[in-house]
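Visitor: I'd like to ask you about the structure that follows.
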Amino acid sequence: MGNGIEGKCMNYILGWGRRSLPFWLLILGLVTCIFPRSGFCQTSSELARVRVGDATEVPAWIADREHLHSVLVGGRRALMSDPDRDPYTRFELEIRLDGVSLTRGGRVVLELQFFDQGAGLIDPKLQFDAASGGWISPTRRSSYTRLNTMTERRAWFEFSVPTNAPSRAVVRVRVAGMQFLRGARLLSDASADEWALIKASVPRKVTPMVSLQRPMELVTSAGVDVMGDRNTLAQSLDAMNDLAPLARVLGFTSIESYVTWKRLEPEREGEFNFEFYDAIVKRLAEYDLKWFPLLIVGSGYALPDWFMHTDENRGFVCLEHGRTNAIQSIWAESHRRHVTRVLQAFGKHYEPMGVLEGVRLGPSGNYGESQYPAGGNWGPAGGEMHIHIGWWAGDMYGRADYRRWLQSRYRSIDALNNSWSARFKSFDQINPRIPERIDSKAERLDFTQWYTDSMSDWCEWWAKESRRALPKTRIYQSAGGWGFREAGTDYTAQTKAMKDIDGGTRLTNETDSYEQNFYATRLAATAARLYGVGLGYEPASSHTARGVVGRIFATAAANGDHLFTYHNNVFDHPMEVERWLKYVPVLDKRQPPMVEVAVFYPETENQIGDAAFRHLYAWGFNPVAREIRRVVEVDYLDERLIRDGFLDRYKVLVFAWGNMIPADVQKLVDEWLRRGGTIIYPSYPRGPQEAIADTAQGKHSAKHATAVFTRWSAGDTGKGGFHRFMGDAEPPELYGEYVASVLKQVGGLHPWTRAVLEAERPSRVFFSVQPDGHALVLNYRDVPAKVSITGAESTIEPYGIERIKLPGSP
């Protein structure tokens with residue numbers, strides 16, 4: 001013990017970690033330090049050490065000192081950096097450790113000592129020598145999250161030493177996410193006992209830095225493995241050790257993890273095993289967090305190995321190539337019994353435990369969503385499978401169901417032939433065809449309607465089975481994609497179906513762009529509000545601090561009930577953490593928006609052609625709708641919402657793309673117009689709007705199909721008004737400017753709507769009028785925005801939100 005290790009161990013055990021260590025680990029640490037033959041304290045030795053000390057200046061071992069300050073915190077000096085202001089990069093403090101003796105091919109442990117104030121994730125990288133390679137990331141880490149405990153803590157990171165590293169080197173360390181650094185040490189390889197001590201030092205009982213007065217479901221992930229089997233439990237719990245308490249500190253209420261069939265029933269049918277998820281739930285309880293699982297039965301990566309070898313394994317088959325994939329066909333009746341069995345077993349085991357904040361459904365799709373196979377490649381056992389955006393109706397069960405649907409619709413083959421201009425002798429001759437190869441408009445409409453309705457019916461059945469299994473639990477459907485018809489996602493049908501089970505819909509398609517999020521989610525968000533269904537949002541993958549602010553604004557503006565993000569989207573960047581903590585309280589002010597303008601969502605056009613939605617970043621509906629949103633907040637109404645009577649809630653209907661509309665829907669729009677509504681119509685397509693008859697009721701003549709639009713164009717609008725833009729279709733902002741000019745002249749709009757229409761603001765500043773007389777305002781720019789509403793000025797920080805009182809409000 002003459003080498004000083006005894007004192008270091010005692011200092012660690014009795015000083016740094018004493019507030020959070022389990023008693024048994026305290027005793028273990030004391031015993032192994034007193035009796036070193038155990039090897040616990042003798043494994044690692046100190047290779048280098050630096051500390052801040054008592055000086056007011058930033059120490060010399062810091063390479064870049066411009067943005068760092070020596071501050072007093074917790075009674076001692078520590079290094080604090082300036083706030084991060086770039087959402088795309090992180091500030092990294094750089095430490096220089098001179099004359100470090102290295103063992104080539106060995107391992108070293110970096111220890112960072114810090115005062116734990118604030119929240120976030122500490123992320124270092126290390127360079128042993130410029131000649132031996134670039135910056136490398138840790139192979140192992142523990143105690144690396146800042147949890148605002150206001151105590152002294154240590155973070156450990158293990159690095160592999162390159163085989164070509166010098167035996168004696170200048171080691172550089174760059175650290176992102178660090179505040180209040182006390183010092184650093186580089187240690188030789190550490191023992192399992194030492195790692196266990198560091199791991200056990202991470203607090204489990206922490207205090208949220210933010211909480212809502214009007215609670216809602218704030219959900220994130222915490223490192224629980226997604227695709228693996230039960231053997232990944234240890235690594236999942238290890239990840240949760242640091243990430244779960246940080247989620248709690250940041251105000252999240254529950255943790256999402258994927259619940260796969262293969263983990264629940266791994267060996268054979270009828271033998272359920274809940275050990276994996278029981279361990280997850282038990283650990284979450286230690287952090288006062290609830291569980292919000294995603295339930296997946298039919299996706300490829302969720303299938304048990306034993307099931308893959310049975311005759312009931314019936315995957316989708318694409319029409320394009322005639323190839324199958326592992327995602328189970330929604331038309332195979334045998335799959336339904338497995339879904340029911342799994343949901344019942346899950347509900348029976350977990351609902352009585354009181355651990356669920358809610359569940360999300362994964363009825364189909366690659367990841368577990370309410371759609372057909374589209375993107376990604378999560379095959380069984382981590383393998384690849386045939387998957388692409390396309391038409392997945394080629395299996396024998398799908399073909400049979402299509403024929404049944406057509407026979408029910410037309411009753412006779414002669415009626416079908418008349419509608420399709422076809423010559424089939426029987427329904428048995430008919431097979432699903434790729435829509436792009438179909439000449440008959442009626443046939444294409446029939447196929448796409450059957451294809452879409454099949455997924456809607458499947459998801460509704462899944463939701464009802466889930467409610468039977470979980471009668472007391474909040475349930476959300478998972479709706480992704482961006483409206484392209486191959487996905488089969490009918491946002492309004494799926495949302496409406498959740499009303500019957502008192503459930504909700506979670507939109508899984510958000511990004512870093514507020515505008516893209518708006519036009520990808522607005523139809524379902526509108527439907528959720530109109531049908532009285534719970535509303536939640538999820539990013540498709542990653543986003544920056546911009547997305548944090550934009551997504552909070554969208555949730556507050558839509559009066560959302562549920563907000564999910566993957567943990568790295570908030571934890572990893574200090575600016576993400578800062579914006580989250582600052583703007584989550586805006587959710588306390590969420591209200592149903594006051595919207596008087598609707599945009600027609602051209603679902604029939606979407607089924608007939610590809611131009612409206614098929615290509616997310618190509619010409620179609622979204623760029624035009626985006627320009628309208630830049631003028632005023634709008635809702636989206638498709639044919640179903642208009643048929644259900646919701647058009648009467650709006651004063652203006654704006655068309656953005658396409659010229660095809662079902663005849664019965666056009667009739668409802670015409671009646672609304674004649675009662676005093678206002679229609680704004682684009683210049684493209686150049687021709688008149690065409691009313692599409694029900695395919696089972698015959699065909700309209702061309703003159704009859706355009707008669708209503710011809711009357712509108714001639715001024716025959718009753719008490720309403722029809723305005724058609726005659727300018728160029730490109731750039732789309734020309735139409736946005738025209739919509740703004742018309743709206744400013746429309747009589748009957750609420751004074752608050754008119755106030756935001758006439759407000760002075762730069763581009764990429766968005767308003768949402770709230771019923772309590774405030775405008776919720778988002779500045780989605782990287783510079784401050786000056787906003788003036790009827791002469792009252794406000795300046796909003798970059799990527800910031802503000803609530804501004806409107807004139808005449810109480």
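If you're wondering about the labels, chains in the structure tokens are A, B, ... by order shown, residues count from 1 in each chain, ligands from 1 in order shown.
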Could you give me the residues within region 617-695 of chain A that DSSP places in helix (DSSP H, G or I), as a CSV table (one decimal) with N, CA, C and O atoms, in the first residue's frame?
Guide:
```csv
chain,number,residue,atom,x,y,z
A,621,PHE,N,-48.1,18.3,-53.6
A,621,PHE,CA,-48.9,19.0,-52.6
A,621,PHE,C,-48.1,19.8,-51.6
A,621,PHE,O,-48.4,21.0,-51.3
A,622,ASN,N,-47.1,19.2,-51.0
A,622,ASN,CA,-46.4,19.7,-49.9
A,622,ASN,C,-45.8,21.1,-50.1
A,622,ASN,O,-45.9,22.0,-49.2
A,623,PRO,N,-45.0,21.4,-51.2
A,623,PRO,CA,-44.4,22.7,-51.3
A,623,PRO,C,-45.5,23.8,-51.4
A,623,PRO,O,-45.2,24.9,-50.9
A,624,VAL,N,-46.6,23.5,-52.0
A,624,VAL,CA,-47.7,24.5,-52.0
A,624,VAL,C,-48.3,24.7,-50.7
A,624,VAL,O,-48.6,25.9,-50.2
A,625,ALA,N,-48.6,23.6,-50.0
A,625,ALA,CA,-49.2,23.7,-48.7
A,625,ALA,C,-48.3,24.4,-47.7
A,625,ALA,O,-48.7,25.1,-46.8
A,626,ARG,N,-47.0,24.2,-47.9
A,626,ARG,CA,-46.0,24.9,-47.0
A,626,ARG,C,-46.2,26.4,-47.1
A,626,ARG,O,-46.1,27.1,-46.1
A,627,GLU,N,-46.4,26.9,-48.4
A,627,GLU,CA,-46.5,28.3,-48.5
A,627,GLU,C,-47.7,28.9,-47.9
A,627,GLU,O,-47.7,30.0,-47.4
A,628,ILE,N,-48.8,28.1,-47.9
A,628,ILE,CA,-50.0,28.5,-47.2
A,628,ILE,C,-49.8,28.6,-45.7
A,628,ILE,O,-50.3,29.6,-45.1
A,629,ARG,N,-49.1,27.6,-45.2
A,629,ARG,CA,-48.8,27.7,-43.7
A,629,ARG,C,-47.9,28.9,-43.3
A,629,ARG,O,-48.1,29.4,-42.2
A,639,GLU,N,-61.4,14.0,-47.9
A,639,GLU,CA,-62.8,13.6,-48.2
A,639,GLU,C,-63.6,13.1,-47.0
A,639,GLU,O,-64.8,13.4,-46.8
A,640,ARG,N,-63.0,12.3,-46.2
A,640,ARG,CA,-63.7,11.7,-45.0
A,640,ARG,C,-64.1,12.8,-44.1
A,640,ARG,O,-65.2,12.8,-43.6
A,641,LEU,N,-63.2,13.7,-43.8
A,641,LEU,CA,-63.5,14.8,-42.8
A,641,LEU,C,-64.6,15.7,-43.3
A,641,LEU,O,-65.5,16.1,-42.6
A,642,ILE,N,-64.6,15.9,-44.6
A,642,ILE,CA,-65.7,16.7,-45.2
A,642,ILE,C,-67.0,15.9,-45.2
A,642,ILE,O,-68.1,16.5,-44.8
A,643,ARG,N,-67.0,14.7,-45.5
A,643,ARG,CA,-68.2,13.8,-45.5
A,643,ARG,C,-68.8,13.8,-44.0
A,643,ARG,O,-70.0,13.7,-43.8
A,646,PHE,N,-67.2,18.3,-41.1
A,646,PHE,CA,-66.3,19.2,-40.4
A,646,PHE,C,-66.0,20.5,-41.2
A,646,PHE,O,-65.5,21.4,-40.7
A,647,LEU,N,-66.4,20.5,-42.5
A,647,LEU,CA,-66.1,21.7,-43.3
A,647,LEU,C,-66.8,22.9,-42.7
A,647,LEU,O,-66.3,24.1,-42.8
A,648,ASP,N,-68.0,22.7,-42.1
A,648,ASP,CA,-68.7,23.8,-41.6
A,648,ASP,C,-68.0,24.6,-40.5
A,648,ASP,O,-68.4,25.7,-40.1
A,649,ARG,N,-67.0,24.0,-39.9
A,649,ARG,CA,-66.2,24.7,-38.9
A,649,ARG,C,-65.3,25.8,-39.4
A,649,ARG,O,-64.7,26.5,-38.6
A,663,ALA,N,-67.4,13.1,-56.4
A,663,ALA,CA,-68.6,14.0,-56.8
A,663,ALA,C,-69.4,14.3,-55.5
A,663,ALA,O,-69.9,15.4,-55.4
A,664,ASP,N,-69.6,13.3,-54.6
A,664,ASP,CA,-70.3,13.6,-53.4
A,664,ASP,C,-69.7,14.6,-52.5
A,664,ASP,O,-70.3,15.4,-51.8
A,665,VAL,N,-68.3,14.6,-52.5
A,665,VAL,CA,-67.6,15.6,-51.7
A,665,VAL,C,-67.7,17.0,-52.3
A,665,VAL,O,-67.9,18.0,-51.6
A,666,GLN,N,-67.6,17.0,-53.6
A,666,GLN,CA,-67.7,18.3,-54.3
A,666,GLN,C,-69.1,18.9,-54.0
A,666,GLN,O,-69.2,20.1,-53.9
A,667,LYS,N,-70.1,18.1,-54.0
A,667,LYS,CA,-71.4,18.6,-53.7
A,667,LYS,C,-71.5,19.2,-52.3
A,667,LYS,O,-72.1,20.3,-52.1
A,668,LEU,N,-70.9,18.6,-51.3
A,668,LEU,CA,-70.8,19.2,-50.0
A,668,LEU,C,-70.1,20.5,-50.0
A,668,LEU,O,-70.5,21.4,-49.3
A,669,VAL,N,-69.0,20.6,-50.7
A,669,VAL,CA,-68.2,21.8,-50.8
A,669,VAL,C,-69.0,22.9,-51.4
A,669,VAL,O,-69.0,24.1,-51.0
A,670,ASP,N,-69.8,22.5,-52.5
A,670,ASP,CA,-70.6,23.5,-53.2
A,670,ASP,C,-71.7,24.1,-52.3
A,670,ASP,O,-71.9,25.3,-52.2
A,671,GLU,N,-72.3,23.2,-51.5
A,671,GLU,CA,-73.3,23.7,-50.6
A,671,GLU,C,-72.8,24.6,-49.5
A,671,GLU,O,-73.4,25.6,-49.1
A,672,TRP,N,-71.6,24.2,-49.0
A,672,TRP,CA,-70.9,25.1,-48.0
A,672,TRP,C,-70.5,26.4,-48.6
A,672,TRP,O,-70.7,27.5,-48.0
A,673,LEU,N,-70.1,26.4,-49.9
A,673,LEU,CA,-69.7,27.7,-50.5
A,673,LEU,C,-70.9,28.6,-50.7
A,673,LEU,O,-70.9,29.8,-50.4
A,674,ARG,N,-72.1,28.0,-51.1
A,674,ARG,CA,-73.3,28.8,-51.3
A,674,ARG,C,-73.9,29.4,-50.0
A,674,ARG,O,-74.6,30.4,-50.0
A,695,THR,N,-67.1,4.4,-58.5
A,695,THR,CA,-66.8,3.5,-59.5
A,695,THR,C,-67.9,2.5,-59.7
A,695,THR,O,-68.1,1.9,-60.8
```
Visitor: Can you pull out every residue within 6 Å of Gly394 (chain A), counting only C-alpha atoms, but drop anything in the same chain fewer than 2 positions away, and send it as a list in words?
Guide: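 Answer for this query is Val317, Cys318, Leu319 and Trp392 of chain A.
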Visitor: Using the selection just defined, write its residues with N, CA, C and O atoms as a PDB file, in the first residue's frame.
Guide:
```pdb
ATOM      1  N   VAL A 317     -45.927 -10.376 -50.114  1.00  0.00           N
ATOM      2  CA  VAL A 317     -45.284 -10.588 -51.416  1.00  0.00           C
ATOM      3  C   VAL A 317     -45.507  -9.339 -52.253  1.00  0.00           C
ATOM      4  O   VAL A 317     -46.643  -8.863 -52.379  1.00  0.00           O
ATOM      5  N   CYS A 318     -44.444  -8.790 -52.816  1.00  0.00           N
ATOM      6  CA  CYS A 318     -44.579  -7.560 -53.597  1.00  0.00           C
ATOM      7  C   CYS A 318     -45.044  -7.876 -55.011  1.00  0.00           C
ATOM      8  O   CYS A 318     -44.702  -8.921 -55.592  1.00  0.00           O
ATOM      9  N   LEU A 319     -45.834  -6.976 -55.585  1.00  0.00           N
ATOM     10  CA  LEU A 319     -46.297  -7.140 -56.958  1.00  0.00           C
ATOM     11  C   LEU A 319     -45.193  -6.871 -57.965  1.00  0.00           C
ATOM     12  O   LEU A 319     -45.206  -7.408 -59.072  1.00  0.00           O
ATOM     13  N   TRP A 392     -47.610  -4.378 -51.854  1.00  0.00           N
ATOM     14  CA  TRP A 392     -47.388  -5.665 -51.204  1.00  0.00           C
ATOM     15  C   TRP A 392     -48.707  -6.439 -51.104  1.00  0.00           C
ATOM     16  O   TRP A 392     -49.185  -6.745 -50.026  1.00  0.00           O
TER      17      TRP A 392
END
```
Visitor: What are the closest atom pairs, with distances in Å to one decimal, for each residue of region 620-723 of chain A lying within 12 Å of region 545-561 of chain A, using only C-alpha atoms, rows by chain and rising residue number, as JSON lines?
Guide:
```
{"residue": "A:Glu633", "atom": "CA", "partner": "A:Ala557", "partner_atom": "CA", "distance": 9.7}
{"residue": "A:Val634", "atom": "CA", "partner": "A:Ala558", "partner_atom": "CA", "distance": 11.0}
{"residue": "A:Asp635", "atom": "CA", "partner": "A:Ala558", "partner_atom": "CA", "distance": 10.2}
```
Visitor: With only C-alpha atoms as the basis for distance, which of A:Arg230, A:Arg77, A:His750, A:Arg485 is at the shortest distance from Arg444 (chain A)?
Guide: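 The answer is A:Arg485, which sits nearest to Arg444 (chain A).
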Visitor: Please list as a ChimeraX atom specification every residue within 6 Å of region 83-97 of chain A, counting only C-alpha atoms and excluding residues in the same chain fewer than 5 positions away.
Guide: /A:61-63,170-176,544-545,575
Visitor: Just the selected residues (N, CA and C atoms), exported as an mmCIF file, in the first residue's frame, please.
Guide:
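Just written: again.cif:
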```cif
data_model
loop_
_atom_site.group_PDB
_atom_site.id
_atom_site.type_symbol
_atom_site.label_atom_id
_atom_site.label_comp_id
_atom_site.auth_asym_id
_atom_site.auth_seq_id
_atom_site.Cartn_x
_atom_site.Cartn_y
_atom_site.Cartn_z
ATOM 1 N N TRP A 61 -3.134 23.358 -19.001
ATOM 2 C CA TRP A 61 -3.346 22.074 -19.667
ATOM 3 C C TRP A 61 -4.614 22.039 -20.506
ATOM 4 N N ILE A 62 -5.353 23.155 -20.529
ATOM 5 C CA ILE A 62 -6.493 23.313 -21.429
ATOM 6 C C ILE A 62 -5.993 23.959 -22.713
ATOM 7 N N ALA A 63 -6.266 23.326 -23.847
ATOM 8 C CA ALA A 63 -5.716 23.799 -25.123
ATOM 9 C C ALA A 63 -6.448 25.036 -25.630
ATOM 10 N N VAL A 170 1.965 12.302 -25.889
ATOM 11 C CA VAL A 170 1.109 13.388 -25.455
ATOM 12 C C VAL A 170 -0.318 12.987 -25.817
ATOM 13 N N VAL A 171 -1.149 12.779 -24.814
ATOM 14 C CA VAL A 171 -2.522 12.344 -25.035
ATOM 15 C C VAL A 171 -3.437 13.558 -24.982
ATOM 16 N N ARG A 172 -4.237 13.711 -25.995
ATOM 17 C CA ARG A 172 -5.214 14.806 -26.043
ATOM 18 C C ARG A 172 -6.617 14.245 -25.840
ATOM 19 N N VAL A 173 -7.390 14.970 -25.073
ATOM 20 C CA VAL A 173 -8.769 14.575 -24.783
ATOM 21 C C VAL A 173 -9.685 15.733 -25.149
ATOM 22 N N ARG A 174 -10.689 15.459 -25.932
ATOM 23 C CA ARG A 174 -11.717 16.449 -26.221
ATOM 24 C C ARG A 174 -13.031 15.971 -25.613
ATOM 25 N N VAL A 175 -13.707 16.863 -24.912
ATOM 26 C CA VAL A 175 -14.911 16.483 -24.182
ATOM 27 C C VAL A 175 -16.042 17.437 -24.542
ATOM 28 N N ALA A 176 -17.151 16.875 -25.012
ATOM 29 C CA ALA A 176 -18.367 17.639 -25.239
ATOM 30 C C ALA A 176 -19.333 17.382 -24.096
ATOM 31 N N THR A 544 -32.092 17.993 -34.193
ATOM 32 C CA THR A 544 -31.204 18.837 -33.408
ATOM 33 C C THR A 544 -32.025 19.663 -32.414
ATOM 34 N N ALA A 545 -31.353 20.669 -31.829
ATOM 35 C CA ALA A 545 -32.066 21.589 -30.937
ATOM 36 C C ALA A 545 -33.162 22.337 -31.684
ATOM 37 N N MET A 575 -27.105 22.283 -26.306
ATOM 38 C CA MET A 575 -28.148 23.205 -26.756
ATOM 39 C C MET A 575 -29.504 22.518 -26.773
#
```
